[in-house]
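Asks: Below is the file final-v9.cif, with mmCIF, C-alpha atoms.
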```cif
data_protein
#
loop_
_atom_site.group_PDB
_atom_site.id
_atom_site.type_symbol
_atom_site.label_atom_id
_atom_site.label_comp_id
_atom_site.auth_asym_id
_atom_site.auth_seq_id
_atom_site.Cartn_x
_atom_site.Cartn_y
_atom_site.Cartn_z
ATOM 1 C CA MET A 201 191.412 85.374 67.334
ATOM 2 C CA GLN A 202 190.287 88.881 66.421
ATOM 3 C CA GLU A 203 187.299 88.546 68.752
ATOM 4 C CA THR A 204 189.598 87.412 71.590
ATOM 5 C CA SER A 205 191.971 90.356 71.050
ATOM 6 C CA ALA A 206 189.078 92.823 71.034
ATOM 7 C CA ARG A 207 187.756 91.304 74.255
ATOM 8 C CA LEU A 208 191.184 91.603 75.897
ATOM 9 C CA LEU A 209 191.265 95.304 75.040
ATOM 10 C CA ARG A 210 187.808 95.772 76.520
ATOM 11 C CA LEU A 211 188.893 93.895 79.648
ATOM 12 C CA LEU A 212 191.981 96.068 79.949
ATOM 13 C CA THR A 213 189.837 99.196 79.648
ATOM 14 C CA LEU A 214 187.606 97.985 82.486
ATOM 15 C CA LEU A 215 190.592 97.316 84.748
ATOM 16 C CA GLN A 216 191.955 100.810 84.100
ATOM 17 C CA VAL A 217 188.768 102.695 84.951
ATOM 18 C CA ARG A 218 187.958 101.015 88.284
ATOM 19 C CA ARG A 219 190.174 99.786 91.091
ATOM 20 C CA VAL A 220 188.540 96.371 91.622
ATOM 21 C CA TRP A 221 186.162 94.291 89.495
ATOM 22 C CA SER A 222 184.631 91.003 90.563
ATOM 23 C CA GLY A 223 184.774 88.125 88.115
ATOM 24 C CA ALA A 224 180.983 88.187 87.820
ATOM 25 C CA GLN A 225 180.940 91.920 87.021
ATOM 26 C CA ILE A 226 183.534 91.506 84.276
ATOM 27 C CA ALA A 227 181.717 88.487 82.831
ATOM 28 C CA ASP A 228 178.489 90.486 82.748
ATOM 29 C CA ARG A 229 180.137 93.448 81.003
ATOM 30 C CA LEU A 230 181.906 91.287 78.415
ATOM 31 C CA GLU A 231 178.992 88.876 78.043
ATOM 32 C CA VAL A 232 181.154 85.812 78.678
ATOM 33 C CA THR A 233 181.496 83.192 81.396
ATOM 34 C CA THR A 234 183.630 83.635 84.517
ATOM 35 C CA ARG A 235 185.826 80.812 83.196
ATOM 36 C CA THR A 236 186.546 82.886 80.070
ATOM 37 C CA VAL A 237 187.335 85.853 82.315
ATOM 38 C CA ARG A 238 189.940 83.797 84.191
ATOM 39 C CA ARG A 239 191.566 82.717 80.902
ATOM 40 C CA ASP A 240 191.629 86.320 79.645
ATOM 41 C CA ILE A 241 193.183 87.502 82.921
ATOM 42 C CA ASP A 242 195.956 84.907 82.478
ATOM 43 C CA LYS A 243 196.554 86.169 78.912
ATOM 44 C CA LEU A 244 196.909 89.756 80.143
ATOM 45 C CA ARG A 245 199.421 88.586 82.748
ATOM 46 C CA SER A 246 201.431 86.794 80.064
ATOM 47 C CA LEU A 247 201.596 90.114 78.145
ATOM 48 C CA GLY A 248 203.116 91.856 81.170
ATOM 49 C CA TYR A 249 200.026 93.388 82.788
ATOM 50 C CA PRO A 250 200.208 92.931 86.593
ATOM 51 C CA VAL A 251 196.634 91.795 87.284
ATOM 52 C CA THR A 252 196.194 90.709 90.909
ATOM 53 C CA ALA A 253 193.396 88.596 92.362
ATOM 54 C CA ILE A 254 191.932 89.841 95.664
ATOM 55 C CA LYS A 255 190.253 87.172 97.766
ATOM 56 C CA GLY A 256 187.398 87.539 100.221
ATOM 57 C CA LEU A 257 184.266 89.637 100.401
ATOM 58 C CA GLY A 258 184.515 92.609 98.070
ATOM 59 C CA GLY A 259 187.461 91.039 96.261
ATOM 60 C CA GLY A 260 188.048 90.560 92.585
ATOM 61 C CA TYR A 261 190.624 91.559 89.987
ATOM 62 C CA SER A 262 192.788 94.674 90.123
ATOM 63 C CA LEU A 263 195.377 96.158 87.779
ATOM 64 C CA GLY A 264 198.455 96.959 89.849
ATOM 65 C CA SER A 265 201.964 98.251 89.223
ATOM 66 C CA GLY A 266 204.712 95.881 88.188
ATOM 67 C CA ALA A 267 208.430 95.814 87.501
ATOM 68 C CA HIS A 268 207.932 96.670 83.811
ATOM 69 C CA LEU A 269 205.746 99.253 82.115
ATOM 70 C CA PRO A 270 203.166 97.454 79.929
ATOM 71 C CA PRO A 271 201.439 99.101 76.958
ATOM 72 C CA LEU A 272 198.777 101.618 78.000
ATOM 73 C CA LEU A 273 195.316 101.833 76.495
ATOM 74 C CA LEU A 274 194.059 105.399 76.015
ATOM 75 C CA ASP A 275 190.728 106.679 74.802
ATOM 76 C CA ASP A 276 190.544 109.595 72.332
ATOM 77 C CA ASP A 277 190.330 112.365 74.933
ATOM 78 C CA GLU A 278 193.178 110.885 77.005
ATOM 79 C CA ALA A 279 195.424 110.585 73.938
ATOM 80 C CA VAL A 280 194.776 114.211 72.945
ATOM 81 C CA ALA A 281 195.402 115.444 76.497
ATOM 82 C CA LEU A 282 198.651 113.470 76.695
ATOM 83 C CA ALA A 283 199.885 114.779 73.318
ATOM 84 C CA ILE A 284 199.186 118.404 74.308
ATOM 85 C CA THR A 285 200.949 117.897 77.652
ATOM 86 C CA LEU A 286 203.985 116.379 75.942
ATOM 87 C CA ARG A 287 204.092 119.295 73.474
ATOM 88 C CA THR A 288 204.149 121.735 76.370
ATOM 89 C CA ALA A 289 206.889 119.792 78.164
ATOM 90 C CA ALA A 290 208.988 119.418 74.994
ATOM 91 C CA ALA A 291 209.094 123.185 74.494
ATOM 92 C CA SER A 292 209.461 124.048 78.168
ATOM 93 C CA GLY A 293 213.263 124.079 78.237
ATOM 94 C CA VAL A 294 213.326 122.130 81.519
ATOM 95 C CA THR A 295 216.647 120.268 81.749
ATOM 96 C CA GLY A 296 216.274 116.531 81.188
ATOM 97 C CA ILE A 297 212.538 116.740 80.487
ATOM 98 C CA GLY A 298 212.371 118.258 77.013
ATOM 99 C CA GLU A 299 214.271 115.465 75.255
ATOM 100 C CA LYS A 300 212.245 112.638 76.842
ATOM 101 C CA ALA A 301 208.944 114.444 76.286
ATOM 102 C CA LEU A 302 209.867 114.900 72.635
ATOM 103 C CA GLN A 303 210.724 111.195 72.232
ATOM 104 C CA ALA A 304 207.403 110.199 73.798
ATOM 105 C CA LEU A 305 205.523 112.735 71.643
ATOM 106 C CA ILE A 306 207.066 111.331 68.449
ATOM 107 C CA LYS A 307 205.995 107.804 69.414
ATOM 108 C CA LEU A 308 202.478 108.931 70.283
ATOM 109 C CA GLU A 309 201.877 111.061 67.181
ATOM 110 C CA GLN A 310 203.075 108.189 64.984
ATOM 111 C CA VAL A 311 200.047 106.117 65.996
ATOM 112 C CA LEU A 312 197.455 108.877 66.450
ATOM 113 C CA PRO A 313 194.566 108.718 63.958
ATOM 114 C CA SER A 314 194.297 111.758 61.695
ATOM 115 C CA ARG A 315 191.144 112.951 63.475
ATOM 116 C CA LEU A 316 193.072 113.162 66.746
ATOM 117 C CA ARG A 317 196.127 114.793 65.138
ATOM 118 C CA SER A 318 193.888 117.605 63.908
ATOM 119 C CA ARG A 319 192.504 118.087 67.427
ATOM 120 C CA VAL A 320 196.000 118.292 68.868
ATOM 121 C CA GLY A 321 197.120 120.685 66.124
ATOM 122 C CA ALA A 322 194.122 122.945 66.762
ATOM 123 C CA VAL A 323 195.447 123.767 70.228
ATOM 124 C CA GLN A 324 197.890 126.644 69.826
ATOM 125 C CA LEU A 325 200.462 126.644 72.619
ATOM 126 C CA SER A 326 202.027 129.917 73.690
ATOM 127 C CA ILE A 327 204.867 130.119 76.213
ATOM 128 C CA VAL A 328 205.758 133.368 77.938
ATOM 129 C CA GLN A 329 209.476 133.964 77.610
ATOM 130 C CA GLY A 330 211.034 134.872 80.947
ATOM 131 C CA PRO A 331 214.230 136.852 81.536
ATOM 132 C CA GLY A 332 217.377 135.069 80.413
ATOM 133 C CA ARG A 333 215.577 132.392 78.426
ATOM 134 C CA GLY A 334 216.320 131.610 74.819
ATOM 135 C CA ALA A 335 213.841 131.744 71.982
ATOM 136 C CA THR A 336 210.950 129.303 72.277
ATOM 137 C CA VAL A 337 210.501 126.549 69.683
ATOM 138 C CA ASP A 338 207.265 125.273 68.199
ATOM 139 C CA ALA A 339 206.620 121.720 69.423
ATOM 140 C CA GLU A 340 205.377 120.643 65.984
ATOM 141 C CA LEU A 341 208.720 121.690 64.484
ATOM 142 C CA LEU A 342 210.580 119.675 67.113
ATOM 143 C CA THR A 343 208.371 116.661 66.423
ATOM 144 C CA SER A 344 208.973 116.847 62.665
ATOM 145 C CA ILE A 345 212.743 117.134 63.082
ATOM 146 C CA GLY A 346 212.833 114.394 65.725
ATOM 147 C CA ALA A 347 210.873 112.033 63.473
ATOM 148 C CA ALA A 348 213.296 112.729 60.593
ATOM 149 C CA CYS A 349 216.236 111.891 62.891
ATOM 150 C CA ARG A 350 214.578 108.637 63.915
ATOM 151 C CA ASP A 351 213.553 107.581 60.407
ATOM 152 C CA HIS A 352 216.778 108.767 58.677
ATOM 153 C CA MET A 353 214.923 111.133 56.351
ATOM 154 C CA ARG A 354 216.666 114.105 54.718
ATOM 155 C CA LEU A 355 215.539 117.562 55.782
ATOM 156 C CA ARG A 356 215.510 120.616 53.529
ATOM 157 C CA PHE A 357 215.000 123.913 55.305
ATOM 158 C CA GLU A 358 215.602 127.627 55.206
ATOM 159 C CA TYR A 359 218.100 128.635 57.859
ATOM 160 C CA ARG A 360 218.426 132.165 59.214
ATOM 161 C CA GLY A 361 221.983 132.922 60.310
ATOM 162 C CA VAL A 362 223.132 135.081 63.213
ATOM 163 C CA ALA A 363 223.519 138.109 60.938
ATOM 164 C CA GLY A 364 219.980 137.615 59.588
ATOM 165 C CA ALA A 365 220.926 136.223 56.150
ATOM 166 C CA SER A 366 218.979 133.120 55.076
ATOM 167 C CA SER A 367 220.144 130.114 53.096
ATOM 168 C CA VAL A 368 218.557 126.829 52.036
ATOM 169 C CA ARG A 369 220.239 123.794 53.589
ATOM 170 C CA VAL A 370 219.895 120.114 52.705
ATOM 171 C CA THR A 371 220.816 117.900 55.651
ATOM 172 C CA GLU A 372 220.907 114.377 56.996
ATOM 173 C CA PRO A 373 219.575 114.922 60.546
ATOM 174 C CA HIS A 374 221.378 113.058 63.292
ATOM 175 C CA GLU A 375 220.242 114.212 66.745
ATOM 176 C CA LEU A 376 218.405 116.961 68.632
ATOM 177 C CA ILE A 377 220.302 118.500 71.542
ATOM 178 C CA THR A 378 219.296 121.036 74.198
ATOM 179 C CA TRP A 379 221.948 123.508 75.334
ATOM 180 C CA GLY A 380 220.854 125.863 78.071
ATOM 181 C CA SER A 381 217.349 126.867 77.020
ATOM 182 C CA ARG A 382 217.878 126.378 73.263
ATOM 183 C CA TRP A 383 217.409 123.435 70.908
ATOM 184 C CA TYR A 384 220.018 122.474 68.288
ATOM 185 C CA LEU A 385 219.964 120.004 65.416
ATOM 186 C CA VAL A 386 223.200 118.148 64.745
ATOM 187 C CA ALA A 387 223.156 117.110 61.080
ATOM 188 C CA TRP A 388 225.353 116.331 58.094
ATOM 189 C CA ASP A 389 225.245 119.288 55.692
ATOM 190 C CA VAL A 390 225.003 117.639 52.259
ATOM 191 C CA ASP A 391 226.205 120.663 50.264
ATOM 192 C CA ARG A 392 229.089 121.554 52.587
ATOM 193 C CA GLN A 393 230.008 117.901 53.228
ATOM 194 C CA ASP A 394 230.536 118.473 56.935
ATOM 195 C CA TRP A 395 228.783 118.191 60.282
ATOM 196 C CA ALA A 396 226.932 121.273 61.492
ATOM 197 C CA ALA A 397 224.832 122.397 64.449
ATOM 198 C CA PHE A 398 221.679 124.367 63.599
ATOM 199 C CA GLN A 399 219.718 126.447 66.089
ATOM 200 C CA VAL A 400 216.191 125.055 65.771
ATOM 201 C CA ASP A 401 214.349 128.351 66.306
ATOM 202 C CA ARG A 402 216.119 129.627 63.151
ATOM 203 C CA ILE A 403 214.885 126.693 61.040
ATOM 204 C CA GLN A 404 211.927 126.868 58.671
ATOM 205 C CA LEU A 405 211.210 123.474 57.096
ATOM 206 C CA ARG A 406 210.720 123.290 53.309
ATOM 207 C CA ASP A 407 208.952 120.428 51.508
ATOM 208 C CA PRO A 408 208.184 117.025 53.074
ATOM 209 C CA ALA A 409 211.066 115.108 54.639
ATOM 210 C CA GLY A 410 212.917 112.654 52.429
ATOM 211 C CA PRO A 411 214.317 110.725 50.771
ATOM 212 C CA ARG A 412 215.780 108.221 53.222
ATOM 213 C CA PHE A 413 219.517 108.031 53.743
ATOM 214 C CA PRO A 414 221.779 105.344 55.259
ATOM 215 C CA PRO A 415 222.832 106.281 58.818
ATOM 216 C CA ARG A 416 226.150 108.107 58.787
ATOM 217 C CA LYS A 417 228.848 107.626 61.397
ATOM 218 C CA SER A 418 228.373 110.280 64.071
ATOM 219 C CA PRO A 419 230.857 113.158 64.520
ATOM 220 C CA ALA A 420 234.310 112.366 65.911
ATOM 221 C CA VAL A 421 233.038 113.817 69.204
ATOM 222 C CA ASN A 422 229.554 113.206 70.550
ATOM 223 C CA ALA A 423 226.694 115.413 69.393
ATOM 224 C CA ALA A 424 226.554 117.459 72.601
ATOM 225 C CA THR A 425 230.274 118.311 72.404
ATOM 226 C CA HIS A 426 229.865 119.228 68.733
ATOM 227 C CA VAL A 427 227.115 121.695 69.689
ATOM 228 C CA ALA A 428 229.297 123.188 72.440
ATOM 229 C CA ARG A 429 232.186 123.722 70.009
ATOM 230 C CA SER A 430 229.871 125.243 67.401
ATOM 231 C CA ILE A 431 228.529 127.721 69.954
ATOM 232 C CA ALA A 432 232.058 128.630 71.055
ATOM 233 C CA GLN A 433 232.994 129.485 67.458
ATOM 234 C CA MET A 434 230.306 132.175 67.435
ATOM 235 C CA TRP A 435 232.538 134.268 69.733
ATOM 236 C CA PRO A 436 235.944 134.535 67.993
ATOM 237 C CA ASP A 437 237.367 136.851 70.685
ATOM 238 C CA GLN A 438 238.112 134.675 73.669
ATOM 239 C CA ALA A 439 240.077 135.281 76.851
ATOM 240 C CA ALA A 440 241.354 133.316 79.813
ATOM 241 C CA ILE A 441 240.811 134.836 83.261
ATOM 242 C CA ARG A 442 242.926 133.876 86.242
ATOM 243 C CA ALA A 443 241.333 134.569 89.603
ATOM 244 C CA GLN A 444 243.433 134.701 92.754
ATOM 245 C CA SER A 445 241.837 133.678 96.019
ATOM 246 C CA GLU A 446 242.172 135.649 99.240
ATOM 247 C CA ALA A 447 244.308 132.885 100.752
ATOM 248 C CA SER A 448 246.703 133.056 97.779
ATOM 249 C CA ARG A 449 247.010 136.838 98.133
ATOM 250 C CA ARG A 450 247.801 136.523 101.844
ATOM 251 C CA ALA A 451 250.442 133.882 101.154
ATOM 252 C CA SER A 452 251.978 136.102 98.471
ATOM 253 C CA ARG A 453 252.115 139.100 100.845
ATOM 254 C CA SER A 454 253.637 136.905 103.541
ATOM 255 C CA ARG A 455 256.406 135.741 101.194
ATOM 256 C CA ARG A 456 257.189 139.310 100.143
ATOM 257 C CA THR A 457 257.333 140.434 103.793
ATOM 258 C CA THR A 458 259.679 137.568 104.719
ATOM 259 C CA GLN A 459 261.964 138.278 101.772
ATOM 260 C CA GLY A 460 262.080 141.987 102.723
ATOM 261 C CA ALA A 461 262.996 141.175 106.296
ATOM 262 C CA ARG A 462 265.883 138.962 105.168
ATOM 263 C CA ARG A 463 267.360 141.775 103.125
#
```
Translate this file's structure into structure tokens.

Replies:
Amino acid sequence: MQETSARLLRLLTLLQVRRVWSGAQIADRLEVTTRTVRRDIDKLRSLGYPVTAIKGLGGGYSLGSGAHLPPLLLDDDEAVALAITLRTAAASGVTGIGEKALQALIKLEQVLPSRLRSRVGAVQLSIVQGPGRGATVDAELLTSIGAACRDHMRLRFEYRGVAGASSVRVTEPHELITWGSRWYLVAWDVDRQDWAAFQVDRIQLRDPAGPRFPPRKSPAVNAATHVARSIAQMWPDQAAIRAQSEASRRASRSRRTTQGARR
């Protein structure tokens, strides 16, 4: 069984590196019969890989696109390149991309061998901050926090407040949210016994994550709304502005003119 699984992985690698392989070419590479190749192709199809058979001269087997995304097989260099790309995207601040890139990065780094993690970590990413953008966040920090949210692991960190004062917080992380160009962690503050939103670029993790905690019921409002309310509380002086359109001003002048004429 182990030999068959290893052969299927080798077959999948062949199909990913060339558009079309003949049955004889695959059999020669795998050192099996063409009958075994046909059986292995059927097994890949049963796992969700859309392998098509092309008839005629120059035909063979080809890995196409299907209705569902099957598992991908990456070599070491491809896995490192993908992880670095996802790190860049996660910290880019692009709306709708950062969250998904972070989720994919967490899944990938969970299965990366240690030798590949060290290669990814050796690449220092720097992002130039443009006008109007918030503070950039280290992708490794986002990955660590995201993994703690997924695995329900407590986080202990030093948090730098708006005024610059720091405090140590013990939290049960719930969800990462992007607001504008900033990242926020919505978490249950264990010491304060309340939900809180923490600006991620002000977080400095302390100690390994843990221990595990049972998932807590989310805030009364969703996490994104909780972040919005927390940000609003940072500006205690608020005002409501009423703007009058040009059409409204003309109508108002017309009513005053008509009332004056009646008098």

Asks: Just so the selection is clear, what residues does the PyMOL selection byres ((chain A and resi 343) around 12) cover here, as a VMD selection string?

Replies: chain A and resid 283 286 to 288 290 to 291 298 to 310 321 337 to 342 344 to 350 376 400 405

Asks: Give me the residues near region 271-277 of chain A as JSON, numbers by chain, where near means some atom within 9 Å (using all atoms listed in the file) and where sequence neighbours in that chain fewer than 6 positions away do not count.

Replies: {"A": [209, 212, 213, 216, 248, 249, 316]}

Asks: Those same residues, written as a PDB file, keeping the file's coordinate frame with C-alpha atoms?

Replies:
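Full text of result-v3.pdb as output:
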```pdb
ATOM      1  CA  LEU A 209     191.265  95.304  75.040  1.00  0.00           C
ATOM      2  CA  LEU A 212     191.981  96.068  79.949  1.00  0.00           C
ATOM      3  CA  THR A 213     189.837  99.196  79.648  1.00  0.00           C
ATOM      4  CA  GLN A 216     191.955 100.810  84.100  1.00  0.00           C
ATOM      5  CA  GLY A 248     203.116  91.856  81.170  1.00  0.00           C
ATOM      6  CA  TYR A 249     200.026  93.388  82.788  1.00  0.00           C
ATOM      7  CA  LEU A 316     193.072 113.162  66.746  1.00  0.00           C
TER       8      LEU A 316
END
```

Asks: So what do you get for CA of Arg229 (chain A) versus CA of Arg315 (chain A), distance-wise?

Replies: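 Here the two named atoms are 28.4 Å from each other.
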
Asks: Just say which residues the PyMOL selection byres ((chain A and resi 356) around 7) picks in this file, as a PDB file with C-alpha atoms, in the coordinates of the input.

Replies:
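And here is the file that came out, out28.pdb:
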```pdb
ATOM      1  CA  ARG A 354     216.666 114.105  54.718  1.00  0.00           C
ATOM      2  CA  LEU A 355     215.539 117.562  55.782  1.00  0.00           C
ATOM      3  CA  PHE A 357     215.000 123.913  55.305  1.00  0.00           C
ATOM      4  CA  ARG A 369     220.239 123.794  53.589  1.00  0.00           C
ATOM      5  CA  VAL A 370     219.895 120.114  52.705  1.00  0.00           C
ATOM      6  CA  THR A 371     220.816 117.900  55.651  1.00  0.00           C
ATOM      7  CA  LEU A 405     211.210 123.474  57.096  1.00  0.00           C
ATOM      8  CA  ARG A 406     210.720 123.290  53.309  1.00  0.00           C
ATOM      9  CA  ASP A 407     208.952 120.428  51.508  1.00  0.00           C
TER      10      ASP A 407
END
```

Asks: Enter the distance from CA of His352 (chain A) to CA of Ala396 (chain A), in Å, rounded to one decimal.

Replies: 16.4 Å

Asks: Evaluating the PyMOL selection byres ((chain A and resi 360) around 12) on the displayed file yields which residues, as a list in words?

Replies: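 For this structure, the PyMOL selection byres ((chain A and resi 360) around 12) captures Phe357, Glu358, Tyr359, Gly361, Val362, Ala363, Gly364, Ala365, Ser366, Ser367, Val368, Arg369, Phe398, Gln399, Val400, Asp401, Arg402, Ile403, Gln404 and Leu405 of chain A.
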
Asks: I'd like to know which of A:Pro408, A:Gly223, A:Asp240, A:Ala387 is closest to Arg210 (chain A), using all atoms listed in the file.

Replies: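 Smallest separation from Arg210 (chain A) among the options: A:Asp240.
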
Asks: Rounded to one decimal place, report the CA of Pro415 (chain A)-CA of Arg382 (chain A) distance in Å.

Replies: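 Value for the CA of Pro415 (chain A)-CA of Arg382 (chain A) distance: 25.2 Å.
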